[in-house]
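Asks: The file below is input.cif, mmCIF, C-alpha atoms:
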data_query
loop_
_atom_site.label_atom_id
_atom_site.label_comp_id
_atom_site.auth_asym_id
_atom_site.auth_seq_id
_atom_site.Cartn_x
_atom_site.Cartn_y
_atom_site.Cartn_z
CA MET A 1 0.00 0.00 0.00
CA THR A 2 1.55 3.29 -1.13
CA THR A 3 0.89 6.43 0.92
CA SER A 4 2.36 9.91 1.41
CA TRP A 5 4.33 8.51 4.36
CA GLY A 6 5.81 5.58 2.47
CA ALA A 7 4.98 2.21 0.95
CA PHE A 8 3.97 -0.61 3.30
CA THR A 9 3.71 -4.35 2.86
CA LEU A 10 0.59 -5.50 4.68
CA THR A 11 -0.91 -8.88 5.43
CA ARG A 12 -3.92 -10.24 7.24
CA PHE A 13 -3.60 -12.59 10.20
CA PRO A 14 -2.89 -15.41 10.20
CA GLU A 15 -0.78 -15.08 7.08
CA ASP A 16 -1.69 -17.47 4.30
CA PRO A 17 0.02 -17.20 0.89
CA ARG A 18 -3.10 -18.70 -0.70
CA ASP A 19 -5.31 -15.93 0.65
CA GLN A 20 -6.12 -13.46 -2.14
CA LEU A 21 -7.85 -10.93 0.14
CA ARG A 22 -5.88 -7.72 0.72
CA ALA A 23 -5.20 -6.23 4.13
CA TRP A 24 -6.53 -2.82 3.04
CA ASP A 25 -9.12 -1.44 0.65
CA ALA A 26 -10.01 1.73 -1.23
CA SER A 27 -11.50 3.39 1.87
CA ASP A 28 -8.19 3.07 3.72
CA GLU A 29 -6.41 4.66 0.76
CA TYR A 30 -9.04 7.41 0.46
CA LEU A 31 -8.78 8.29 4.16
CA LEU A 32 -4.99 8.38 4.22
CA GLY A 33 -4.91 10.39 1.00
CA HIS A 34 -7.37 12.91 2.42
CA LEU A 35 -5.30 13.40 5.58
CA ALA A 36 -2.16 14.03 3.54
CA GLU A 37 -3.78 16.28 0.92
CA THR A 38 -5.52 18.49 3.51
CA GLY A 39 -2.46 18.68 5.75
CA THR A 40 -4.42 17.47 8.76
CA ASP A 41 -2.49 18.14 11.97
CA LEU A 42 -1.51 14.70 13.27
CA SER A 43 0.81 15.92 16.02
CA GLY A 44 -1.66 15.34 18.87
CA THR A 45 -3.46 12.22 20.02
CA VAL A 46 -4.77 10.26 17.04
CA ALA A 47 -7.29 7.48 17.76
CA VAL A 48 -8.18 4.96 15.06
CA LEU A 49 -11.32 2.89 15.57
CA GLY A 50 -11.99 -0.28 13.59
CA ASP A 51 -8.67 -0.44 11.71
CA ARG A 52 -9.31 -3.93 10.36
CA TRP A 53 -5.78 -5.18 9.73
CA GLY A 54 -3.69 -2.25 10.92
CA ALA A 55 -3.27 -0.55 7.56
CA LEU A 56 -4.15 2.89 8.93
CA VAL A 57 -1.94 2.91 12.02
CA THR A 58 0.94 1.29 10.15
CA ALA A 59 0.94 4.22 7.73
CA LEU A 60 0.16 6.90 10.32
CA GLN A 61 2.92 5.95 12.74
CA ALA A 62 5.36 7.29 10.14
CA ALA A 63 3.71 10.72 10.49
CA GLY A 64 4.94 10.92 14.08
CA PRO A 65 1.83 11.73 16.18
CA ARG A 66 2.37 12.38 19.89
CA GLU A 67 0.15 9.43 20.66
CA LEU A 68 -1.34 6.96 18.19
CA VAL A 69 -4.03 4.63 19.49
CA GLN A 70 -5.79 1.75 17.75
CA ILE A 71 -9.11 0.51 19.16
CA THR A 72 -10.35 -2.84 17.88
CA ASP A 73 -12.74 -5.63 18.77
CA SER A 74 -10.77 -8.18 16.76
CA TYR A 75 -7.93 -10.28 18.15
CA LEU A 76 -6.98 -11.27 14.60
CA GLY A 77 -6.92 -7.63 13.54
CA GLU A 78 -4.77 -6.78 16.55
CA GLN A 79 -2.25 -9.51 15.68
CA ALA A 80 -2.18 -8.37 12.04
CA THR A 81 -1.44 -4.85 13.27
CA ARG A 82 1.49 -6.06 15.37
CA ALA A 83 2.94 -7.96 12.41
CA ASN A 84 2.45 -5.10 9.97
CA LEU A 85 4.01 -2.58 12.35
CA ALA A 86 7.02 -4.82 12.91
CA ARG A 87 7.42 -5.33 9.16
CA ALA A 88 7.37 -1.55 8.72
CA GLY A 89 10.15 -1.15 11.27
CA ALA A 90 7.99 0.76 13.73
CA ALA A 91 9.13 1.15 17.31
CA PRO A 92 7.44 -1.25 19.77
CA ASP A 93 5.66 1.68 21.45
CA ALA A 94 4.70 3.50 18.24
CA VAL A 95 1.03 2.53 18.61
CA ARG A 96 -1.00 1.91 21.77
CA LEU A 97 -3.24 -1.07 21.09
CA LEU A 98 -6.58 -1.00 22.92
CA THR A 99 -9.60 -3.26 22.70
CA THR A 100 -13.21 -2.13 22.60
CA GLN A 101 -13.43 -3.25 26.24
CA ASP A 102 -10.56 -1.02 27.40
CA THR A 103 -10.86 2.51 28.78
CA PRO A 104 -10.46 4.91 25.82
CA PRO A 105 -8.00 7.86 25.78
CA GLU A 106 -8.96 10.87 27.90
CA ARG A 107 -8.47 13.31 25.00
CA ILE A 108 -8.60 12.72 21.25
CA ASP A 109 -7.40 15.34 18.76
CA VAL A 110 -8.00 13.30 15.60
CA LEU A 111 -10.59 10.51 15.51
CA LEU A 112 -10.51 8.20 12.49
CA VAL A 113 -13.27 5.62 12.14
CA ARG A 114 -13.32 2.67 9.77
CA VAL A 115 -17.08 2.02 9.65
CA PRO A 116 -17.67 -1.50 10.99
CA LYS A 117 -20.14 -4.03 9.67
CA SER A 118 -22.04 -3.78 12.96
CA LEU A 119 -23.97 -0.54 13.42
CA ALA A 120 -24.40 -1.48 17.09
CA LEU A 121 -20.64 -1.64 17.61
CA LEU A 122 -20.27 1.78 15.98
CA GLU A 123 -22.97 3.21 18.25
CA ASP A 124 -21.38 1.77 21.38
CA GLN A 125 -17.88 2.97 20.53
CA LEU A 126 -18.95 6.48 19.52
CA HIS A 127 -20.71 6.77 22.87
CA ARG A 128 -17.56 5.58 24.66
CA LEU A 129 -15.28 7.93 22.73
CA ALA A 130 -17.50 11.04 22.77
CA PRO A 131 -16.25 12.32 26.16
CA ALA A 132 -12.69 12.43 24.77
CA VAL A 133 -13.70 14.44 21.70
CA HIS A 134 -13.44 18.22 21.99
CA GLU A 135 -14.55 21.12 19.83
CA GLY A 136 -11.32 21.09 17.83
CA THR A 137 -11.18 17.34 17.23
CA VAL A 138 -10.96 16.32 13.57
CA VAL A 139 -13.38 13.45 13.00
CA VAL A 140 -13.21 11.51 9.75
CA GLY A 141 -14.91 8.21 9.00
CA ALA A 142 -14.30 5.93 6.04
CA GLY A 143 -15.91 2.94 4.44
CA MET A 144 -17.04 1.43 1.20
CA VAL A 145 -20.22 2.98 -0.18
CA LYS A 146 -22.19 -0.21 0.52
CA ASP A 147 -21.25 0.05 4.22
CA ILE A 148 -22.35 3.66 4.76
CA HIS A 149 -26.08 4.23 5.13
CA THR A 150 -28.32 7.03 6.33
CA SER A 151 -28.44 5.28 9.71
CA THR A 152 -24.63 5.41 9.87
CA LEU A 153 -24.57 9.17 9.32
CA LYS A 154 -27.36 9.69 11.85
CA LEU A 155 -25.27 7.94 14.51
CA PHE A 156 -22.30 10.25 13.93
CA GLU A 157 -24.60 13.27 13.96
CA ARG A 158 -26.60 12.31 17.04
CA ILE A 159 -23.61 11.33 19.17
CA LEU A 160 -20.87 13.70 17.99
CA GLY A 161 -22.28 16.54 15.86
CA PRO A 162 -23.17 17.76 12.34
CA THR A 163 -22.13 15.23 9.70
CA ARG A 164 -21.70 15.18 5.93
CA THR A 165 -20.18 12.82 3.39
CA SER A 166 -17.71 13.09 0.54
CA LEU A 167 -18.08 12.12 -3.06
CA ALA A 168 -17.42 8.46 -3.77
CA VAL A 169 -13.98 7.45 -5.04
CA LYS A 170 -13.36 3.85 -6.12
CA LYS A 171 -16.64 2.93 -4.39
CA ALA A 172 -15.36 4.38 -1.10
CA ARG A 173 -16.68 7.36 0.82
CA LEU A 174 -15.55 9.58 3.69
CA ILE A 175 -17.61 10.92 6.57
CA PHE A 176 -16.88 14.34 8.10
CA THR A 177 -18.24 15.26 11.52
CA THR A 178 -17.89 18.59 13.33
CA PRO A 179 -17.95 17.93 17.09
CA ASP A 180 -20.70 19.78 18.91
CA PRO A 181 -20.04 20.22 22.65
CA ALA A 182 -23.78 20.77 23.14
CA ALA A 183 -24.75 17.42 21.56
CA THR A 184 -27.06 15.30 23.71
CA PRO A 185 -26.69 11.72 22.46
CA GLY A 186 -28.58 10.16 25.34
CA PRO A 187 -27.49 7.04 27.23
CA ASN A 188 -25.48 4.26 25.61
CA PRO A 189 -27.92 1.35 25.04
CA TRP A 190 -25.08 -1.20 25.16
CA PRO A 191 -24.65 -3.77 26.54
CA TYR A 192 -28.16 -4.94 25.68
CA ARG A 193 -30.07 -7.46 27.77
CA TYR A 194 -33.07 -9.59 26.91
CA ASP A 195 -34.85 -12.66 28.27
CA LEU A 196 -34.54 -15.91 26.38
CA PRO A 197 -38.00 -16.95 25.12
CA ALA A 198 -40.05 -19.51 26.98
CA ASP A 199 -39.73 -22.00 24.11
CA THR A 200 -35.90 -21.94 24.03
CA PRO A 201 -35.12 -25.65 23.39
CA ALA A 202 -32.57 -26.32 26.15
CA PRO A 203 -33.11 -27.16 29.84
CA GLY A 204 -32.52 -24.24 32.16
CA LEU A 205 -32.36 -21.54 29.50
CA PRO A 206 -35.99 -20.38 29.05
CA GLY A 207 -36.53 -17.03 30.75
CA LEU A 208 -32.88 -16.37 31.56
CA THR A 209 -31.63 -12.83 30.97
CA VAL A 210 -28.63 -12.72 28.65
CA THR A 211 -26.16 -9.87 28.23
CA ASN A 212 -24.86 -8.90 24.81
CA HIS A 213 -22.13 -6.36 24.22
CA ALA A 214 -22.37 -4.41 20.99
CA GLY A 215 -21.16 -6.20 17.88
CA VAL A 216 -22.02 -9.72 19.04
CA PHE A 217 -23.87 -11.67 16.37
CA CYS A 218 -27.65 -11.32 16.67
CA ALA A 219 -27.32 -9.36 19.91
CA ASP A 220 -31.00 -8.49 20.31
CA ARG A 221 -32.58 -11.94 20.05
CA LEU A 222 -31.96 -15.68 19.91
CA ASP A 223 -31.11 -16.40 16.28
CA ILE A 224 -32.70 -19.34 14.50
CA GLY A 225 -29.42 -21.16 13.91
CA THR A 226 -28.49 -21.14 17.59
CA ARG A 227 -32.04 -22.20 18.45
CA PHE A 228 -31.72 -25.25 16.18
CA PHE A 229 -28.30 -26.09 17.63
CA LEU A 230 -29.66 -25.87 21.19
CA ALA A 231 -32.34 -28.40 20.26
CA ASN A 232 -29.72 -30.90 19.08
CA LEU A 233 -26.79 -30.71 21.51
CA PRO A 234 -25.09 -33.87 22.82
CA GLY A 235 -25.78 -35.07 26.37
CA GLY A 236 -24.34 -37.42 28.96
CA LEU A 237 -20.99 -35.63 28.95
CA GLY A 238 -19.93 -36.26 32.55
CA ARG A 239 -16.58 -34.59 33.27
CA ALA A 240 -15.88 -33.75 29.64
CA ARG A 241 -13.90 -30.64 28.76
CA VAL A 242 -16.09 -28.77 26.29
CA ALA A 243 -15.01 -25.86 24.07
CA ASP A 244 -17.56 -23.39 22.72
CA LEU A 245 -15.55 -22.29 19.67
CA GLY A 246 -16.63 -18.93 18.26
CA CYS A 247 -18.78 -18.61 21.35
CA GLY A 248 -20.54 -15.30 20.66
CA ASN A 249 -22.58 -14.51 23.76
CA GLY A 250 -21.89 -18.04 25.06
CA VAL A 251 -25.47 -19.29 25.18
CA VAL A 252 -24.54 -22.69 23.66
CA GLY A 253 -21.82 -23.30 26.23
CA LEU A 254 -24.14 -21.99 28.92
CA ALA A 255 -26.73 -24.61 27.95
CA ILE A 256 -24.11 -27.34 28.38
CA ALA A 257 -22.98 -25.94 31.73
CA LEU A 258 -26.53 -25.86 33.11
CA HIS A 259 -27.42 -29.36 31.90
CA GLU A 260 -24.04 -31.01 32.55
CA PRO A 261 -22.92 -29.91 36.04
CA GLU A 262 -19.60 -31.77 35.91
CA ALA A 263 -18.52 -30.53 32.47
CA GLU A 264 -15.63 -28.08 32.24
CA LEU A 265 -16.31 -25.22 29.80
CA VAL A 266 -13.94 -23.21 27.62
CA PHE A 267 -15.39 -20.20 25.79
CA THR A 268 -13.29 -18.78 22.99
CA ASP A 269 -13.81 -16.13 20.31
CA GLU A 270 -11.70 -13.63 18.42
CA SER A 271 -14.06 -10.84 19.50
CA TYR A 272 -13.40 -9.10 22.81
CA GLN A 273 -17.06 -8.08 22.92
CA ALA A 274 -18.19 -11.68 22.50
CA VAL A 275 -16.00 -13.14 25.23
CA ALA A 276 -17.04 -10.37 27.63
CA SER A 277 -20.67 -11.28 26.91
CA ALA A 278 -20.06 -15.00 27.38
CA GLU A 279 -18.31 -14.48 30.71
CA GLU A 280 -21.05 -12.21 32.06
CA ASN A 281 -23.75 -14.70 31.07
CA PHE A 282 -21.89 -17.68 32.55
CA ARG A 283 -21.13 -15.97 35.85
CA ALA A 284 -24.68 -14.61 36.16
CA HIS A 285 -26.37 -17.99 35.71
CA VAL A 286 -23.79 -20.61 36.73
CA GLY A 287 -21.88 -18.72 39.39
CA THR A 288 -18.32 -17.72 40.23
CA ASP A 289 -17.29 -21.06 41.74
CA ARG A 290 -17.73 -23.18 38.60
CA LYS A 291 -14.45 -23.65 36.72
CA ALA A 292 -14.46 -22.19 33.22
CA GLU A 293 -12.05 -20.44 30.84
CA PHE A 294 -12.76 -17.37 28.72
CA LEU A 295 -10.22 -16.88 25.96
CA VAL A 296 -9.92 -14.15 23.35
CA GLY A 297 -7.72 -15.58 20.63
CA ASP A 298 -7.27 -17.33 17.33
CA GLY A 299 -9.66 -20.24 17.63
CA LEU A 300 -8.34 -22.97 19.94
CA THR A 301 -4.66 -22.17 19.47
CA GLY A 302 -4.44 -21.25 23.16
CA LEU A 303 -5.28 -24.85 24.14
CA ALA A 304 -2.85 -27.76 24.21
CA PRO A 305 -3.22 -30.45 21.54
CA GLY A 306 -5.46 -33.32 22.60
CA SER A 307 -6.84 -31.43 25.62
CA VAL A 308 -10.57 -31.23 24.74
CA ASP A 309 -13.31 -33.87 24.60
CA LEU A 310 -15.97 -31.91 22.70
CA VAL A 311 -15.98 -28.82 20.49
CA LEU A 312 -19.20 -26.99 19.64
CA ASN A 313 -19.00 -24.62 16.70
CA ASN A 314 -21.20 -22.30 14.67
CA PRO A 315 -18.59 -20.89 12.26
CA PRO A 316 -19.00 -17.56 10.47
CA PHE A 317 -18.81 -17.56 6.70
CA HIS A 318 -17.91 -13.89 6.29
CA SER A 319 -14.64 -12.06 6.90
CA HIS A 320 -15.92 -8.49 7.19
CA GLN A 321 -17.85 -8.17 3.88
CA ALA A 322 -16.06 -11.01 2.05
CA THR A 323 -17.80 -14.39 1.83
CA THR A 324 -15.24 -17.11 2.49
CA ASP A 325 -14.92 -20.62 3.93
CA ARG A 326 -11.41 -19.90 5.14
CA THR A 327 -12.52 -19.31 8.74
CA SER A 328 -14.55 -22.51 8.97
CA ARG A 329 -11.73 -24.58 7.49
CA ARG A 330 -9.29 -23.19 10.04
CA MET A 331 -11.76 -23.75 12.88
CA PHE A 332 -12.32 -27.38 11.90
CA ALA A 333 -8.58 -28.06 11.60
CA ASP A 334 -8.01 -26.32 14.93
CA ALA A 335 -10.69 -28.47 16.55
CA TRP A 336 -9.05 -31.65 15.22
CA ARG A 337 -5.75 -30.57 16.79
CA ALA A 338 -7.31 -29.70 20.16
CA LEU A 339 -9.48 -32.83 20.44
CA ARG A 340 -8.37 -36.01 22.17
CA PRO A 341 -8.61 -39.24 20.13
CA GLY A 342 -12.29 -40.13 20.22
CA GLY A 343 -13.23 -36.50 20.82
CA GLU A 344 -16.02 -34.96 18.77
CA LEU A 345 -16.68 -31.75 16.87
CA TRP A 346 -20.34 -30.73 16.55
CA VAL A 347 -21.04 -28.07 13.92
CA ILE A 348 -24.13 -26.19 12.83
CA GLY A 349 -24.30 -24.44 9.48
CA ASN A 350 -26.52 -23.50 6.58
CA ARG A 351 -27.26 -26.50 4.38
CA HIS A 352 -25.75 -24.90 1.28
CA LEU A 353 -22.31 -24.39 2.82
CA GLY A 354 -21.31 -28.04 2.40
CA TYR A 355 -19.40 -28.34 5.66
CA HIS A 356 -19.65 -32.14 5.49
CA VAL A 357 -17.14 -32.12 2.62
CA THR A 358 -14.59 -30.12 4.61
CA LEU A 359 -15.12 -32.25 7.71
CA ARG A 360 -14.51 -35.46 5.79
CA ARG A 361 -11.33 -33.99 4.37
CA ILE A 362 -10.01 -33.06 7.84
CA PHE A 363 -11.50 -35.75 10.10
CA GLY A 364 -12.10 -38.51 7.57
CA ASN A 365 -15.74 -38.69 8.62
CA SER A 366 -18.91 -36.63 9.02
CA GLU A 367 -22.31 -37.70 10.34
CA LEU A 368 -25.59 -35.84 9.98
CA VAL A 369 -27.13 -35.39 13.45
CA ALA A 370 -30.15 -33.26 12.53
CA SER A 371 -31.45 -31.09 9.72
CA ASP A 372 -34.30 -28.86 8.67
CA ARG A 373 -34.95 -26.81 5.54
CA LYS A 374 -32.23 -24.29 6.43
CA PHE A 375 -29.67 -25.86 8.80
CA VAL A 376 -27.71 -29.03 9.43
CA VAL A 377 -25.99 -30.22 12.59
CA LEU A 378 -22.95 -32.35 11.80
CA ARG A 379 -20.73 -34.54 13.98
CA ALA A 380 -17.12 -35.48 13.25
CA VAL A 381 -14.93 -37.73 15.41
CA ARG A 382 -11.17 -37.59 15.74
CA ARG A 383 -10.15 -41.20 15.13
CA ASP A 384 -6.45 -41.01 16.04
#
How would this structure read if it were set down as structure tokens?

Replies:
Amino acid sequence: MTTSWGAFTLTRFPEDPRDQLRAWDASDEYLLGHLAETGTDLSGTVAVLGDRWGALVTALQAAGPRELVQITDSYLGEQATRANLARAGAAPDAVRLLTTQDTPPERIDVLLVRVPKSLALLEDQLHRLAPAVHEGTVVVGAGMVKDIHTSTLKLFERILGPTRTSLAVKKARLIFTTPDPAATPGPNPWPYRYDLPADTPAPGLPGLTVTNHAGVFCADRLDIGTRFFLANLPGGLGRARVADLGCGNGVVGLAIALHEPEAELVFTDESYQAVASAEENFRAHVGTDRKAEFLVGDGLTGLAPGSVDLVLNNPPFHSHQATTDRTSRRMFADAWRALRPGGELWVIGNRHLGYHVTLRRIFGNSELVASDRKFVVLRAVRRD
């Protein structure tokens, strides 16, 4: 990626030479070009929200801001940022890496926002960052045209101040907001809580209140895929160590914990918001004495090989806006590594995704547990 501050070699994380998806897009280029062309003062505290793979902070660290902060919900994005900064020769302290769960900077002089896929996450983070924005703060958002809607602009305007957009360039657009100290955005609605419906198909779950931090998949209701999975979970697990892989708000692992009192649960996701939700829900309904692990990371890589008896997984099939099976393939391979011989992976997915083919390639077997018109639940066993 070529910028006014130099040319940078960027990769996603984990690096895969077969991956044809770039670590930046036209909106990153548009935003960086705008900052350079307008001579935006970058000498103060620059906060970058939603920098997907670190493209923005990798370029901006060369501009020498007093403090450069990246705020992300993605562990994978954070690791890509570290790798890209190191490749660029940046000093170890050139960028302060924060998560969406961390306390934001006290003062922000330039706020740059890569518009996320989740409007809820944008709302939550703008609320959290608003106290640090002052009348002179430069606020610029960026995204592809398909990601920026009237609702997006209304969020910037309601929470921060008057907002307008740029012309589109290479299907990308910028958002310009003038901070208004008199703005009254109202209370932050996140995290959001709701009661699981009375017909939730898992013992102990109906009526429970679940907490969802912004950005968690289907944060305002029980989605139909999870509902079908809950109706078809394995039982009789005894003292099994069970991993809820890609746990989201953790309701699947919570169902196991409530029905299998001796099972040991591990909740893992690459989203800081998701793992925070899962931990709050587990502690609220199972208690603080029950042993469980809550891991933000790259799948099950934080677990020793052969250390898990059962993996439950509802894999995503999007990486930001790109449709790809790369994530599911990595999750399945990771599950095989983490499972003990005889251990099982249970997967739910849309029928059309053909996960059974991938499972047979990795595990050598795949069994259909349940299906309806939209979903399948599959079981694969590690044989050796």

Asks: So which residues get picked by the PyMOL selection byres ((chain A and resi 285) around 12) here, written as a list in words?

Replies: Gly204, Leu205, Pro206, Gly207, Leu208, Thr209, Val210, Thr211, Gly250, Val251, Gly253, Leu254, Ala255, Ala257, Leu258, Ala278, Glu279, Glu280, Asn281, Phe282, Arg283, Ala284, Val286, Gly287, Thr288, Asp289 and Arg290 of chain A

Asks: List the neighbours of Gly39 of chain A out to 12 Å using only C-alpha atoms; skip same-chain residues closer than 5 positions along the sequence, and give me the result as number ranges by chain.

Replies: A: 4, 32-34, 63, 138

Asks: Using the chain letters and numbers from this file, what does the PyMOL selection byres ((chain A and resi 370) around 10) select? Give the answer as a ChimeraX atom specification.

Replies: /A:228-229,231-233,348,367-369,371-372,375-379

Asks: Take the residues from that selection and put them in a file with C-alpha atoms, as a PDB file, keeping the file's coordinate frame.

Replies:
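See out-v5.pdb below for the written result:
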ATOM      1  CA  PHE A 228     -31.720 -25.250  16.180  1.00  0.00           C
ATOM      2  CA  PHE A 229     -28.300 -26.090  17.630  1.00  0.00           C
ATOM      3  CA  ALA A 231     -32.340 -28.400  20.260  1.00  0.00           C
ATOM      4  CA  ASN A 232     -29.720 -30.900  19.080  1.00  0.00           C
ATOM      5  CA  LEU A 233     -26.790 -30.710  21.510  1.00  0.00           C
ATOM      6  CA  ILE A 348     -24.130 -26.190  12.830  1.00  0.00           C
ATOM      7  CA  GLU A 367     -22.310 -37.700  10.340  1.00  0.00           C
ATOM      8  CA  LEU A 368     -25.590 -35.840   9.980  1.00  0.00           C
ATOM      9  CA  VAL A 369     -27.130 -35.390  13.450  1.00  0.00           C
ATOM     10  CA  SER A 371     -31.450 -31.090   9.720  1.00  0.00           C
ATOM     11  CA  ASP A 372     -34.300 -28.860   8.670  1.00  0.00           C
ATOM     12  CA  PHE A 375     -29.670 -25.860   8.800  1.00  0.00           C
ATOM     13  CA  VAL A 376     -27.710 -29.030   9.430  1.00  0.00           C
ATOM     14  CA  VAL A 377     -25.990 -30.220  12.590  1.00  0.00           C
ATOM     15  CA  LEU A 378     -22.950 -32.350  11.800  1.00  0.00           C
ATOM     16  CA  ARG A 379     -20.730 -34.540  13.980  1.00  0.00           C
TER      17      ARG A 379
END

Asks: Using all atoms listed in the file, which residue out of A:Phe294, A:Trp336, A:Tyr192, A:Phe363 lies closest to Leu265 of chain A?

Replies: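 That would be A:Phe294, the residue with the smallest distance to Leu265 of chain A.
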
Asks: Show me a table, sorted first by chain and then by increasing residue number, of the residues of segment 23-77 of chain A having an atom at most 10 Å from segment 99-111 of chain A, each with its shortest atom pair and the distance in Å to one decimal, counting all atoms listed in the file and written as a tab-separated table.

Replies:
residue	atom	partner	partner_atom	distance
A:Thr40	CA	A:Val110	CA	8.8
A:Asp41	CA	A:Val110	CA	8.2
A:Leu42	CA	A:Val110	CA	7.0
A:Ser43	CA	A:Asp109	CA	8.7
A:Gly44	CA	A:Asp109	CA	5.7
A:Thr45	CA	A:Asp109	CA	5.2
A:Val46	CA	A:Val110	CA	4.7
A:Ala47	CA	A:Leu111	CA	5.0
A:Val48	CA	A:Leu111	CA	6.1
A:Leu49	CA	A:Leu111	CA	7.7
A:Gly50	CA	A:Thr100	CA	9.3
A:Pro65	CA	A:Val110	CA	10.0
A:Glu67	CA	A:Ile108	CA	9.4
A:Leu68	CA	A:Val110	CA	9.6
A:Val69	CA	A:Pro105	CA	8.1
A:Gln70	CA	A:Thr99	CA	8.0
A:Ile71	CA	A:Thr99	CA	5.2
A:Thr72	CA	A:Thr99	CA	4.9
A:Asp73	CA	A:Thr100	CA	5.2
A:Ser74	CA	A:Thr99	CA	7.8
A:Tyr75	CA	A:Thr99	CA	8.5

Asks: Store the residues picked out above in a file with C-alpha atoms, as a short mmCIF file (atom, residue, chain, number, x, y, z; two decimals), keeping the file's coordinate frame.

Replies:
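What landed in selection21.cif:
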data_model
loop_
_atom_site.label_atom_id
_atom_site.label_comp_id
_atom_site.auth_asym_id
_atom_site.auth_seq_id
_atom_site.Cartn_x
_atom_site.Cartn_y
_atom_site.Cartn_z
CA THR A 40 -4.42 17.47 8.76
CA ASP A 41 -2.49 18.14 11.97
CA LEU A 42 -1.51 14.70 13.27
CA SER A 43 0.81 15.92 16.02
CA GLY A 44 -1.66 15.34 18.87
CA THR A 45 -3.46 12.22 20.02
CA VAL A 46 -4.77 10.26 17.04
CA ALA A 47 -7.29 7.48 17.76
CA VAL A 48 -8.18 4.96 15.06
CA LEU A 49 -11.32 2.89 15.57
CA GLY A 50 -11.99 -0.28 13.59
CA PRO A 65 1.83 11.73 16.18
CA GLU A 67 0.15 9.43 20.66
CA LEU A 68 -1.34 6.96 18.19
CA VAL A 69 -4.03 4.63 19.49
CA GLN A 70 -5.79 1.75 17.75
CA ILE A 71 -9.11 0.51 19.16
CA THR A 72 -10.35 -2.84 17.88
CA ASP A 73 -12.74 -5.63 18.77
CA SER A 74 -10.77 -8.18 16.76
CA TYR A 75 -7.93 -10.28 18.15
#

Asks: A:Ala338, A:Ala23, A:Leu237, A:Ala62: which is nearest Ala91 of chain A, counting only C-alpha atoms?

Replies: A:Ala62

Asks: Expand the PyMOL selection byres ((chain A and resi 382) around 7) into the explicit residue set it covers here, and present it as an NGL selection string.

Replies: :A and (336 or 339 or 341-344 or 363 or 380-381 or 383-384)

Asks: Out of A:Ala142, A:Val311, A:Val275, A:Leu155, which residue has the shortest atom-to-atom distance to Ala130 of chain A when counting only C-alpha atoms?

Replies: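 Once distances to Ala130 of chain A are computed over only C-alpha atoms, the minimum belongs to A:Leu155.
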
Asks: Report the distance between atom CA of Arg164 of chain A and atom CA of Glu123 of chain A in Å, rounded to one decimal place.

Replies: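 Pair atom CA of Arg164 of chain A / atom CA of Glu123 of chain A returns 17.2 Å.
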
Asks: Residues within 12 Å of Ala86 of chain A, please, as number ranges by chain. Count all atoms listed in the file; anything in the same chain fewer than 6 positions from it doesn't count.

Replies: A: 8-11, 54, 57-58, 61, 79-80, 92-95

Asks: Could you please take those selected residues and save C-alpha atoms as an mmCIF file, in the coordinates of the input?

Replies:
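In the end it all went to selection-v3.cif:
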data_model
loop_
_atom_site.group_PDB
_atom_site.id
_atom_site.type_symbol
_atom_site.label_atom_id
_atom_site.label_comp_id
_atom_site.auth_asym_id
_atom_site.auth_seq_id
_atom_site.Cartn_x
_atom_site.Cartn_y
_atom_site.Cartn_z
ATOM 1 C CA PHE A 8 3.970 -0.610 3.300
ATOM 2 C CA THR A 9 3.710 -4.350 2.860
ATOM 3 C CA LEU A 10 0.590 -5.500 4.680
ATOM 4 C CA THR A 11 -0.910 -8.880 5.430
ATOM 5 C CA GLY A 54 -3.690 -2.250 10.920
ATOM 6 C CA VAL A 57 -1.940 2.910 12.020
ATOM 7 C CA THR A 58 0.940 1.290 10.150
ATOM 8 C CA GLN A 61 2.920 5.950 12.740
ATOM 9 C CA GLN A 79 -2.250 -9.510 15.680
ATOM 10 C CA ALA A 80 -2.180 -8.370 12.040
ATOM 11 C CA PRO A 92 7.440 -1.250 19.770
ATOM 12 C CA ASP A 93 5.660 1.680 21.450
ATOM 13 C CA ALA A 94 4.700 3.500 18.240
ATOM 14 C CA VAL A 95 1.030 2.530 18.610
#

Asks: Quick one: of A:Arg373, A:Arg96, A:Arg128, A:Arg82, who's nearest to Pro14 of chain A, counting all atoms listed in the file?

Replies: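 Of A:Arg373, A:Arg96, A:Arg128, A:Arg82, the one nearest Pro14 of chain A, counting all atoms listed in the file, is A:Arg82.
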
Asks: Separation of atom CA of Thr150 of chain A and atom CA of Pro179 of chain A, in Å?

Replies: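 So the answer is 18.5 Å.
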
Asks: Find, counting all atoms listed in the file, the residue in A:Gly246, A:Thr200, A:Val115, A:Ala59 that gets nearest to Ala36 of chain A.

Replies: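 Closest to Ala36 of chain A of all the choices is A:Ala59.
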
Asks: Looking at A:Arg66, A:His259, A:Arg227, A:His127, which one is nearest to Ala214 of chain A, with distances taken over all atoms listed in the file?

Replies: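 Ranked by minimum distance to Ala214 of chain A, first place goes to A:His127.
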
Asks: Which polymer residues have any atom within 12 Å of an atom of Ala7 of chain A, counting all atoms listed in the file, with same-chain residues fewer than 5 positions away left out, as an mmCIF file with C-alpha atoms, in the frame of the given file?

Replies:
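Okay, part_34.cif is ready:
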data_model
loop_
_atom_site.group_PDB
_atom_site.id
_atom_site.type_symbol
_atom_site.label_atom_id
_atom_site.label_comp_id
_atom_site.auth_asym_id
_atom_site.auth_seq_id
_atom_site.Cartn_x
_atom_site.Cartn_y
_atom_site.Cartn_z
ATOM 1 C CA MET A 1 0.000 0.000 0.000
ATOM 2 C CA THR A 2 1.550 3.290 -1.130
ATOM 3 C CA GLU A 29 -6.410 4.660 0.760
ATOM 4 C CA ALA A 55 -3.270 -0.550 7.560
ATOM 5 C CA THR A 58 0.940 1.290 10.150
ATOM 6 C CA ALA A 59 0.940 4.220 7.730
ATOM 7 C CA LEU A 60 0.160 6.900 10.320
ATOM 8 C CA ALA A 62 5.360 7.290 10.140
ATOM 9 C CA ASN A 84 2.450 -5.100 9.970
ATOM 10 C CA ARG A 87 7.420 -5.330 9.160
ATOM 11 C CA ALA A 88 7.370 -1.550 8.720
#
